[in-house]
Amino acid sequence: MNTSILQPTLPTYQNRPPHPSTFFPEFKHCKTKKHILQIHTKLIKTGRIQDPLASAELLRFYALSDPPHRDLRHARQLFDEMPQPNCFSWNTIIRAYCDTNDALESWVLFRKMVEFEIPNKFTFPSVLKACAKMGRVDEGKQVHCVVVKYGIVNDGFVLSNLVRMYVMCGAMDEACVVFGLGVLSSGLSEVVLWNVMVDGYLRVGDVEKARNLFNQMPRKSVVSWNSMISGYAQNGFFVEALELFREMQMEGAADVMPNYVTLVSVLPAVSRLGALEIGKWVHFYAVKNGIKIDPVLGSALIDMYCKCGSFEEGLRLFNALAQKNVITWNSIITGLAIHGRAMDALDHFTKMQQSRITPNDVTYISVLTACSHAGLVDKGLSIFSQMVHTDGLIPRIEHYGCMVDLLGRAGRLQEAEELILKMPGGPDDVVLKALLGACKKHGNIEIGERIGKRLLEIAPEDGAPYVALSNMYASMENWDRVTETRLKMKQNDIKKDPGCSWIEVNGVIHEFIVADRSHSKAQDIYMMLEEMMQKLSLAGYKPDTTQVLLRMDDAEKKSILRYHSEKIAVAFGLISTSRATTVKVVNNLRICDDCHSTFKLVSTIYGRRIVVRDRKRFHHFENGSCSCMDYW
Ligand code: ZN
Ligand code: ZN
């Protein structure tokens with residue numbers, strides 16, 4: 001999110017009290033620290049240091065000069081030696097601290113100040129900024145009390161700094177009260193402050209309140225649009241982010257044209273939804289409007305192309321980019337990895353190091369993922385060792401996840417379990433689930449049972465381990481254990497994650513959930529699903545119900561499978577696009593076995609290419625087989 005708009009506005013030069021250097025012309029030409037020290041010495045020798053105006057001005061130079069000349073130690077010394085610092089000097093020293101790592105000192109000084117002096121409206125911005133920086137809402141409230149005490153509540157400038165302080169501390173209720181007061185009493189209508197409020201709600205994840213406020217804005221700047229779009233994207237409201245982006249373009253006014261920040265904010269949402277057409281448009285827009293495709297925007301575009309199914313486009317853009325940083329390299333390596341192009345990913349990993357770009361932990365996740373998807377166990381092990389021993393990175397839980405996945409798929413389950421035991425802080429549910437899946441695939445019940453039990457301890461509300469465990473017991477014909485597991489699941493009232501799929505048709509995103517009938521073409525879609533199932537069963541297909549919740553009866557299981565969101569999306573894709581078009585669907589969960597085998601058959605029966613992006617990777621279905629080689 002854009003943090004710069006939360007920076008408090010400090011008083012500008014004209015707003016300050018009369019400039020004392022008019023009385024002391026020598027300050028005007030003062031440029032270096034040495035020069036200040038010379039003046040300081042002269043003032044002491046001549047006794048003019050006793051003049052409050054002279055010492056106040058000297059303090060200002062020490063305290064507020066630009067960094068290399070700033071000297072907080074001398075400033076503090078001079079301030080502490082002042083017999084009776086005036087309001088100007090108090091403000092100076094409070095302001096000097098608010099930018100430092102010792103920002104709380106601003107507040108401590110402010111507390112002292114109010115014992116001797118009446119603060120003025122130039123005092124508050126600095127001390128409020130300090131409270132905001134340290135996230136100290138209680139101290140901020142005390143400052144607020146002083147504001148009220150001295151009747152400065154109607155000053156728009158102080159009010160806006162109060163709002164910022166509360167927003168930065170995440171105290172949105174308080175911020176809202178002060179903001180409302182400001183709007184009512186002093187007609188506080190600057191768009192900047194509205195932006196601060198919208199951004200504040202987004203930071204605490206209250207997307208609805210943010211949007212309400214956004215709608216009420218008397219005027220919206222490009223920053224307003226950008227924060228709302230990126231806020232949606234960052235809080236997982238991808239469809240809303242794209243809708244707002246579209247609205248922004250329709251607004252049409254010259255001052256709300258999408259800019260660089262807009263594009264960078266909207267691209268993650270485009271990628272998540274796999275909305276290739278919109279993504280292409282974003283790229284085209286940048287080129288047409290001379291928006292510089294720097295490594296940040298470039299990486300976002302590469303990421304978008306790869307996640308929208310077109311790694312060839314991603315690669316083309318990558319090769320054309322003049323500037324590449326570590327994020328750019330990571331984007332292309334990840335992109336290749338999720339498309340199963342393990343060798344290309346590894347090749348780019350080598351090229352990256354040849355270009356003297358040091359891989360970071362994200363790079364390693366991508367490379368290890370590539371090895372895992374391609375079953376390159378030894379390569380993966382050697383890369384893991386390079387990461388730890390050569391590059392000195394401390395493996396994160398994600399790296400362990402990749403390694404467990406890699407070893408697990410290859411059936412080296414014991415090694416995988418040993419690795420899990422070595423993990424500092426212990427494994428999380430994702431790692432355990434990966435290993436459990438591997439145990440199931442390789443029929444290793446001994447390790448599977450240990451992992452499954454551990455998983456139930458960590459994540460008792462997750463349905464997957466129950467299903468996996470009970471399937472494992474069923475394959476051993478240990479029916480007591482099967483019943484026991486089912487019962488436990490029932491007691492904990494487990495529901496599976498709601499599946500959700502998206503498909504872009506003519507630049508519009510259509511979203512489907514399980515058994516969704518809300519779409520305007522629902523009737524046609526369901527007729528298509530019926531037809532699909534008939535053709536499939538003629539081709540000898542039987543639904544694979546092993547991954548469905550066990551408490552359902554068989555008919556229920558079959559009908560649930562039939563209406564998985566990805567099947568609905570594919571059916572919609574088949575009826576709404578021409579034969580030559582590839583049907584591209586994005587899924588929020590991992591694709592299930594049944595949908596996977598269904599789509600393989602559908603690709604043959606309908607002669608269509610189908611691409612499904614699930615939570616982990618891409619599946620390109622064509623002529624009855626999948627690019628993942630049934631290994632995902
Ligand atoms: Zn499915
Ligand atoms: Zn596949």
# chains A, B, ... in the order shown; residues from 1 in each chain; ligands from 1
call {"tool": "residues_near_ligand", "arguments": {"ligand": "ligand 2", "cutoff": "10 Å", "atoms": "only C-alpha atoms and all ligand atoms", "output": "number ranges by chain"}}
result
A: 340, 591-593, 595-597, 599-600, 611-614, 617-621, 625-632
call {"tool": "write_last_selection", "arguments": {"atoms": "N, CA and C atoms", "output": "compact mmCIF listing (two decimals), in the first residue's frame"}}
result
# COMPACT_ATOMS: atom_id res chain seq x y z
N GLY A 340 5.87 -26.26 -15.52
CA GLY A 340 6.52 -27.57 -15.68
C GLY A 340 7.76 -27.52 -16.56
N ILE A 591 -6.37 -28.95 -8.00
CA ILE A 591 -7.36 -29.68 -8.79
C ILE A 591 -7.48 -31.10 -8.23
N CYS A 592 -8.72 -31.62 -8.19
CA CYS A 592 -8.89 -32.95 -7.62
C CYS A 592 -8.69 -34.01 -8.71
N ASP A 593 -8.51 -35.26 -8.28
CA ASP A 593 -8.26 -36.34 -9.22
C ASP A 593 -9.36 -36.46 -10.26
N CYS A 595 -11.63 -34.18 -11.39
CA CYS A 595 -11.64 -33.11 -12.41
C CYS A 595 -10.48 -33.31 -13.37
N HIS A 596 -9.35 -33.74 -12.82
CA HIS A 596 -8.17 -33.93 -13.66
C HIS A 596 -8.43 -34.97 -14.74
N SER A 597 -8.99 -36.12 -14.34
CA SER A 597 -9.22 -37.13 -15.38
C SER A 597 -10.38 -36.74 -16.29
N PHE A 599 -11.05 -33.65 -17.34
CA PHE A 599 -10.57 -32.70 -18.34
C PHE A 599 -9.69 -33.36 -19.39
N LYS A 600 -8.96 -34.41 -18.97
CA LYS A 600 -8.16 -35.12 -19.97
C LYS A 600 -9.08 -35.68 -21.06
N VAL A 611 -6.65 -25.30 -20.26
CA VAL A 611 -5.56 -25.02 -19.32
C VAL A 611 -6.17 -24.69 -17.98
N VAL A 612 -5.76 -25.41 -16.94
CA VAL A 612 -6.25 -25.11 -15.60
C VAL A 612 -5.07 -24.74 -14.73
N ARG A 613 -5.18 -23.57 -14.12
CA ARG A 613 -4.16 -23.21 -13.15
C ARG A 613 -4.73 -23.49 -11.77
N ASP A 614 -4.10 -24.39 -11.02
CA ASP A 614 -4.59 -24.61 -9.67
C ASP A 614 -3.68 -23.87 -8.69
N ARG A 617 0.16 -25.13 -9.70
CA ARG A 617 0.79 -25.19 -11.00
C ARG A 617 -0.22 -25.17 -12.13
N PHE A 618 0.31 -25.23 -13.37
CA PHE A 618 -0.56 -25.26 -14.54
C PHE A 618 -0.75 -26.68 -15.03
N HIS A 619 -1.93 -26.97 -15.53
CA HIS A 619 -2.21 -28.24 -16.21
C HIS A 619 -2.66 -27.90 -17.62
N HIS A 620 -1.88 -28.33 -18.61
CA HIS A 620 -2.28 -28.13 -20.00
C HIS A 620 -2.86 -29.44 -20.51
N PHE A 621 -4.19 -29.48 -20.70
CA PHE A 621 -4.84 -30.71 -21.17
C PHE A 621 -4.98 -30.66 -22.68
N SER A 625 -4.24 -36.05 -22.60
CA SER A 625 -3.24 -36.14 -21.53
C SER A 625 -2.95 -34.75 -20.97
N CYS A 626 -2.24 -34.74 -19.85
CA CYS A 626 -1.95 -33.47 -19.19
C CYS A 626 -0.45 -33.25 -19.10
N SER A 627 -0.05 -31.97 -19.20
CA SER A 627 1.37 -31.62 -19.19
C SER A 627 2.06 -32.02 -17.88
N CYS A 628 1.27 -32.21 -16.81
CA CYS A 628 1.91 -32.55 -15.53
C CYS A 628 2.23 -34.04 -15.47
N MET A 629 1.85 -34.77 -16.50
CA MET A 629 2.07 -36.22 -16.53
C MET A 629 1.45 -36.88 -15.28
N ASP A 630 0.32 -36.38 -14.87
CA ASP A 630 -0.43 -36.90 -13.71
C ASP A 630 0.40 -36.88 -12.43
N TYR A 631 1.27 -35.92 -12.34
CA TYR A 631 2.21 -35.86 -11.23
C TYR A 631 2.12 -34.45 -10.67
N TRP A 632 1.23 -34.24 -9.67
CA TRP A 632 1.10 -32.85 -9.19
C TRP A 632 0.84 -32.80 -7.71
call {"tool": "residues_near_ligand", "arguments": {"ligand": "ligand 1", "cutoff": "10 Å", "atoms": "only C-alpha atoms and all ligand atoms", "output": "short mmCIF file (atom, residue, chain, number, x, y, z; two decimals) with C-alpha atoms, in the first residue's frame"}}
result
data_model
loop_
_atom_site.label_atom_id
_atom_site.label_comp_id
_atom_site.auth_asym_id
_atom_site.auth_seq_id
_atom_site.Cartn_x
_atom_site.Cartn_y
_atom_site.Cartn_z
CA GLY A 499 -13.64 -24.20 -4.16
CA VAL A 514 -19.31 -25.32 -6.16
CA ASP A 544 -13.35 -40.98 -8.73
CA THR A 545 -15.03 -40.40 -5.41
CA GLN A 547 -11.32 -37.56 -2.43
CA VAL A 548 -14.81 -36.55 -1.42
CA ILE A 560 -20.84 -32.99 -5.72
CA LEU A 561 -18.01 -34.01 -8.01
CA ARG A 562 -20.03 -33.15 -11.08
CA TYR A 563 -20.57 -29.61 -9.88
CA HIS A 564 -17.03 -28.74 -8.82
CA SER A 565 -16.45 -25.09 -9.67
CA GLU A 566 -13.72 -25.90 -12.19
CA LYS A 567 -16.09 -28.19 -14.12
CA ASN A 587 -8.79 -22.52 -9.58
CA LEU A 589 -7.58 -24.96 -4.72
CA ARG A 590 -5.56 -27.85 -6.04
CA ILE A 591 -7.36 -29.68 -8.79
CA CYS A 592 -8.89 -32.95 -7.62
CA ASP A 593 -8.26 -36.34 -9.22
CA ASP A 594 -11.74 -36.51 -10.69
CA CYS A 595 -11.64 -33.11 -12.41
CA HIS A 596 -8.17 -33.93 -13.66
CA SER A 597 -9.22 -37.13 -15.38
CA THR A 598 -12.45 -35.50 -16.60
CA PHE A 599 -10.57 -32.70 -18.34
#
call {"tool": "residues_around", "arguments": {"residues": "segment 521-528 of chain A", "least_positions_apart": "4", "cutoff": "8 Å", "atoms": "only C-alpha atoms", "output": "list in words"}}
result
Asp516, Arg517, Met532, Ile568, Ala571, Phe572 and Ile575 of chain A
call {"tool": "residues_around", "arguments": {"residues": "Gly335 of chain A", "least_positions_apart": "3", "cutoff": "8 Å", "atoms": "only C-alpha atoms", "output": "PyMOL selection string"}}
result
chain A and resi 302-303+306-307+311+314+331-332+338-339
call {"tool": "write_last_selection", "arguments": {"atoms": "N, CA and C atoms", "output": "mmCIF file, in the first residue's frame"}}
result
data_model
loop_
_atom_site.group_PDB
_atom_site.id
_atom_site.type_symbol
_atom_site.label_atom_id
_atom_site.label_comp_id
_atom_site.auth_asym_id
_atom_site.auth_seq_id
_atom_site.Cartn_x
_atom_site.Cartn_y
_atom_site.Cartn_z
ATOM 1 N N ILE A 302 5.724 -9.885 -16.287
ATOM 2 C CA ILE A 302 6.193 -11.249 -16.576
ATOM 3 C C ILE A 302 5.402 -12.243 -15.730
ATOM 4 N N ASP A 303 5.261 -11.897 -14.458
ATOM 5 C CA ASP A 303 4.503 -12.730 -13.534
ATOM 6 C C ASP A 303 3.071 -12.910 -14.035
ATOM 7 N N CYS A 306 2.941 -15.231 -17.155
ATOM 8 C CA CYS A 306 3.131 -16.640 -16.787
ATOM 9 C C CYS A 306 1.915 -17.179 -16.050
ATOM 10 N N LYS A 307 1.396 -16.397 -15.091
ATOM 11 C CA LYS A 307 0.270 -16.898 -14.309
ATOM 12 C C LYS A 307 -1.015 -16.901 -15.112
ATOM 13 N N PHE A 311 3.527 -18.386 -20.741
ATOM 14 C CA PHE A 311 4.914 -18.165 -20.335
ATOM 15 C C PHE A 311 5.775 -17.743 -21.520
ATOM 16 N N GLY A 314 5.742 -14.133 -21.444
ATOM 17 C CA GLY A 314 6.559 -13.737 -20.300
ATOM 18 C C GLY A 314 8.033 -13.774 -20.653
ATOM 19 N N SER A 331 10.676 -13.801 -11.209
ATOM 20 C CA SER A 331 9.395 -13.915 -11.914
ATOM 21 C C SER A 331 9.476 -14.944 -13.030
ATOM 22 N N ILE A 332 10.543 -14.878 -13.808
ATOM 23 C CA ILE A 332 10.609 -15.783 -14.955
ATOM 24 C C ILE A 332 10.893 -17.216 -14.498
ATOM 25 N N ILE A 338 6.182 -23.137 -12.728
ATOM 26 C CA ILE A 338 4.773 -23.530 -12.585
ATOM 27 C C ILE A 338 4.212 -24.104 -13.876
ATOM 28 N N HIS A 339 4.902 -23.847 -14.999
ATOM 29 C CA HIS A 339 4.457 -24.448 -16.256
ATOM 30 C C HIS A 339 5.138 -25.783 -16.528
#
call {"tool": "atom_distance", "arguments": {"atom1": "atom CA of Ile93 of chain A", "atom2": "atom CA of Phe179 of chain A"}}
result
28.3 Å
call {"tool": "residues_around", "arguments": {"residues": "Lys292 of chain A", "least_positions_apart": "4", "cutoff": "8 Å", "atoms": "only C-alpha atoms", "output": "PDB file with C-alpha atoms, in the first residue's frame"}}
result
ATOM      1  CA  TYR A 260       2.528   3.556 -13.137  1.00  0.00           C
ATOM      2  CA  ALA A 286       2.042   1.154 -20.457  1.00  0.00           C
ATOM      3  CA  VAL A 287       3.756   1.088 -23.840  1.00  0.00           C
TER       4      VAL A 287
END
call {"tool": "select_by_dssp", "arguments": {"residues": "segment 218-344 of chain A", "states": "helix (DSSP H, G or I)", "output": "MDAnalysis selection string"}}
result
chainID A and resid 222:234 238:251 254:256 260:273 276:288 295:307 311:320 326:338 342:344
call {"tool": "residues_around", "arguments": {"residues": "Val508 of chain A", "least_positions_apart": "4", "cutoff": "12 Å", "atoms": "only C-alpha atoms", "output": "list of chain:residue names"}}
result
A:Val239, A:Leu242, A:Glu243, A:Arg246, A:Val270, A:Leu273, A:Gly274, A:Ala275, A:Leu276, A:Glu277, A:Ile278, A:Gly279, A:Trp502, A:Ile503, A:Glu504, A:Ser576
call {"tool": "atom_distance", "arguments": {"atom1": "atom CA of Pro85 of chain A", "atom2": "atom CA of Gly151 of chain A"}}
result
23.1 Å
call {"tool": "atom_distance", "arguments": {"atom1": "atom CA of Gln323 of chain A", "atom2": "atom CA of Pro295 of chain A"}}
result
6.0 Å
call {"tool": "residues_around", "arguments": {"residues": "segment 481-483 of chain A", "least_positions_apart": "4", "cutoff": "8 Å", "atoms": "only C-alpha atoms", "output": "list in words"}}
result
Leu469, Ser470, Asn471, Tyr473, Ala474 and Leu487 of chain A
call {"tool": "closest_residue", "arguments": {"among": "A:Arg95, A:Lys121, A:Arg111, A:Arg608", "to": "Val570 of chain A", "atoms": "only C-alpha atoms"}}
result
A:Arg608
call {"tool": "select_by_dssp", "arguments": {"residues": "segment 317-548 of chain A", "states": "strand (DSSP E or B)", "output": "ChimeraX atom specification"}}
result
/A:500-505,508-513
call {"tool": "write_last_selection", "arguments": {"atoms": "all heavy atoms", "output": "mmCIF file, in the first residue's frame"}}
result
data_model
loop_
_atom_site.group_PDB
_atom_site.id
_atom_site.type_symbol
_atom_site.label_atom_id
_atom_site.label_comp_id
_atom_site.auth_asym_id
_atom_site.auth_seq_id
_atom_site.Cartn_x
_atom_site.Cartn_y
_atom_site.Cartn_z
ATOM 1 N N CYS A 500 -13.335 -22.405 -5.731
ATOM 2 C CA CYS A 500 -13.765 -21.263 -6.502
ATOM 3 C C CYS A 500 -12.945 -21.223 -7.790
ATOM 4 O O CYS A 500 -11.748 -21.487 -7.759
ATOM 5 C CB CYS A 500 -13.526 -20.007 -5.678
ATOM 6 S SG CYS A 500 -14.236 -18.547 -6.381
ATOM 7 N N SER A 501 -13.596 -20.969 -8.913
ATOM 8 C CA SER A 501 -12.887 -20.922 -10.194
ATOM 9 C C SER A 501 -13.273 -19.675 -10.971
ATOM 10 O O SER A 501 -14.372 -19.157 -10.814
ATOM 11 C CB SER A 501 -13.232 -22.145 -11.042
ATOM 12 O OG SER A 501 -12.992 -23.321 -10.323
ATOM 13 N N TRP A 502 -12.320 -19.220 -11.799
ATOM 14 C CA TRP A 502 -12.584 -18.057 -12.639
ATOM 15 C C TRP A 502 -12.281 -18.388 -14.081
ATOM 16 O O TRP A 502 -11.398 -19.192 -14.381
ATOM 17 C CB TRP A 502 -11.675 -16.887 -12.249
ATOM 18 C CG TRP A 502 -11.799 -16.438 -10.858
ATOM 19 C CD1 TRP A 502 -12.683 -15.518 -10.366
ATOM 20 C CD2 TRP A 502 -11.011 -16.866 -9.741
ATOM 21 N NE1 TRP A 502 -12.491 -15.353 -9.015
ATOM 22 C CE2 TRP A 502 -11.481 -16.153 -8.611
ATOM 23 C CE3 TRP A 502 -9.962 -17.766 -9.578
ATOM 24 C CZ2 TRP A 502 -10.935 -16.325 -7.337
ATOM 25 C CZ3 TRP A 502 -9.418 -17.937 -8.316
ATOM 26 C CH2 TRP A 502 -9.903 -17.227 -7.209
ATOM 27 N N ILE A 503 -13.002 -17.726 -14.968
ATOM 28 C CA ILE A 503 -12.653 -17.819 -16.383
ATOM 29 C C ILE A 503 -12.908 -16.454 -17.005
ATOM 30 O O ILE A 503 -13.873 -15.771 -16.665
ATOM 31 C CB ILE A 503 -13.432 -18.948 -17.099
ATOM 32 C CG1 ILE A 503 -13.024 -19.015 -18.571
ATOM 33 C CG2 ILE A 503 -14.941 -18.765 -16.968
ATOM 34 C CD1 ILE A 503 -13.522 -20.279 -19.265
ATOM 35 N N GLU A 504 -11.991 -16.063 -17.884
ATOM 36 C CA GLU A 504 -12.137 -14.782 -18.562
ATOM 37 C C GLU A 504 -12.665 -15.044 -19.958
ATOM 38 O O GLU A 504 -12.080 -15.814 -20.703
ATOM 39 C CB GLU A 504 -10.780 -14.081 -18.637
ATOM 40 C CG GLU A 504 -10.839 -12.684 -19.207
ATOM 41 C CD GLU A 504 -9.448 -12.158 -19.565
ATOM 42 O OE1 GLU A 504 -8.687 -12.874 -20.235
ATOM 43 O OE2 GLU A 504 -9.131 -11.035 -19.167
ATOM 44 N N VAL A 505 -13.815 -14.422 -20.269
ATOM 45 C CA VAL A 505 -14.338 -14.533 -21.626
ATOM 46 C C VAL A 505 -14.571 -13.118 -22.142
ATOM 47 O O VAL A 505 -15.276 -12.335 -21.513
ATOM 48 C CB VAL A 505 -15.652 -15.352 -21.664
ATOM 49 C CG1 VAL A 505 -16.267 -15.291 -23.058
ATOM 50 C CG2 VAL A 505 -15.400 -16.796 -21.260
ATOM 51 N N VAL A 508 -14.086 -10.277 -19.673
ATOM 52 C CA VAL A 508 -14.913 -10.217 -18.468
ATOM 53 C C VAL A 508 -14.627 -11.460 -17.624
ATOM 54 O O VAL A 508 -14.538 -12.568 -18.153
ATOM 55 C CB VAL A 508 -16.416 -10.167 -18.810
ATOM 56 C CG1 VAL A 508 -17.265 -10.151 -17.552
ATOM 57 C CG2 VAL A 508 -16.716 -8.948 -19.665
ATOM 58 N N ILE A 509 -14.473 -11.248 -16.319
ATOM 59 C CA ILE A 509 -14.180 -12.367 -15.438
ATOM 60 C C ILE A 509 -15.481 -12.988 -14.933
ATOM 61 O O ILE A 509 -16.356 -12.287 -14.441
ATOM 62 C CB ILE A 509 -13.378 -11.886 -14.214
ATOM 63 C CG1 ILE A 509 -12.052 -11.287 -14.656
ATOM 64 C CG2 ILE A 509 -13.157 -13.008 -13.223
ATOM 65 C CD1 ILE A 509 -11.061 -12.284 -15.112
ATOM 66 N N HIS A 510 -15.616 -14.292 -15.068
ATOM 67 C CA HIS A 510 -16.779 -14.986 -14.519
ATOM 68 C C HIS A 510 -16.298 -15.872 -13.383
ATOM 69 O O HIS A 510 -15.347 -16.622 -13.548
ATOM 70 C CB HIS A 510 -17.454 -15.824 -15.602
ATOM 71 C CG HIS A 510 -17.904 -15.017 -16.776
ATOM 72 N ND1 HIS A 510 -19.195 -14.586 -16.941
ATOM 73 C CD2 HIS A 510 -17.206 -14.527 -17.832
ATOM 74 C CE1 HIS A 510 -19.279 -13.875 -18.064
ATOM 75 N NE2 HIS A 510 -18.083 -13.824 -18.608
ATOM 76 N N GLU A 511 -17.004 -15.766 -12.270
ATOM 77 C CA GLU A 511 -16.569 -16.470 -11.072
ATOM 78 C C GLU A 511 -17.586 -17.542 -10.726
ATOM 79 O O GLU A 511 -18.786 -17.289 -10.774
ATOM 80 C CB GLU A 511 -16.474 -15.444 -9.931
ATOM 81 C CG GLU A 511 -15.796 -15.930 -8.696
ATOM 82 C CD GLU A 511 -15.721 -14.827 -7.642
ATOM 83 O OE1 GLU A 511 -16.402 -13.792 -7.802
ATOM 84 O OE2 GLU A 511 -14.992 -15.019 -6.670
ATOM 85 N N PHE A 512 -17.112 -18.749 -10.382
ATOM 86 C CA PHE A 512 -18.034 -19.832 -10.032
ATOM 87 C C PHE A 512 -17.618 -20.491 -8.733
ATOM 88 O O PHE A 512 -16.429 -20.691 -8.489
ATOM 89 C CB PHE A 512 -18.053 -20.902 -11.129
ATOM 90 C CG PHE A 512 -18.522 -20.397 -12.459
ATOM 91 C CD1 PHE A 512 -17.611 -20.035 -13.436
ATOM 92 C CD2 PHE A 512 -19.878 -20.271 -12.723
ATOM 93 C CE1 PHE A 512 -18.040 -19.564 -14.670
ATOM 94 C CE2 PHE A 512 -20.313 -19.803 -13.960
ATOM 95 C CZ PHE A 512 -19.399 -19.445 -14.924
ATOM 96 N N ILE A 513 -18.594 -20.870 -7.911
ATOM 97 C CA ILE A 513 -18.311 -21.702 -6.748
ATOM 98 C C ILE A 513 -18.967 -23.068 -6.958
ATOM 99 O O ILE A 513 -19.653 -23.277 -7.958
ATOM 100 C CB ILE A 513 -18.804 -21.054 -5.433
ATOM 101 C CG1 ILE A 513 -20.288 -20.736 -5.535
ATOM 102 C CG2 ILE A 513 -18.009 -19.812 -5.113
ATOM 103 C CD1 ILE A 513 -20.918 -20.371 -4.214
#
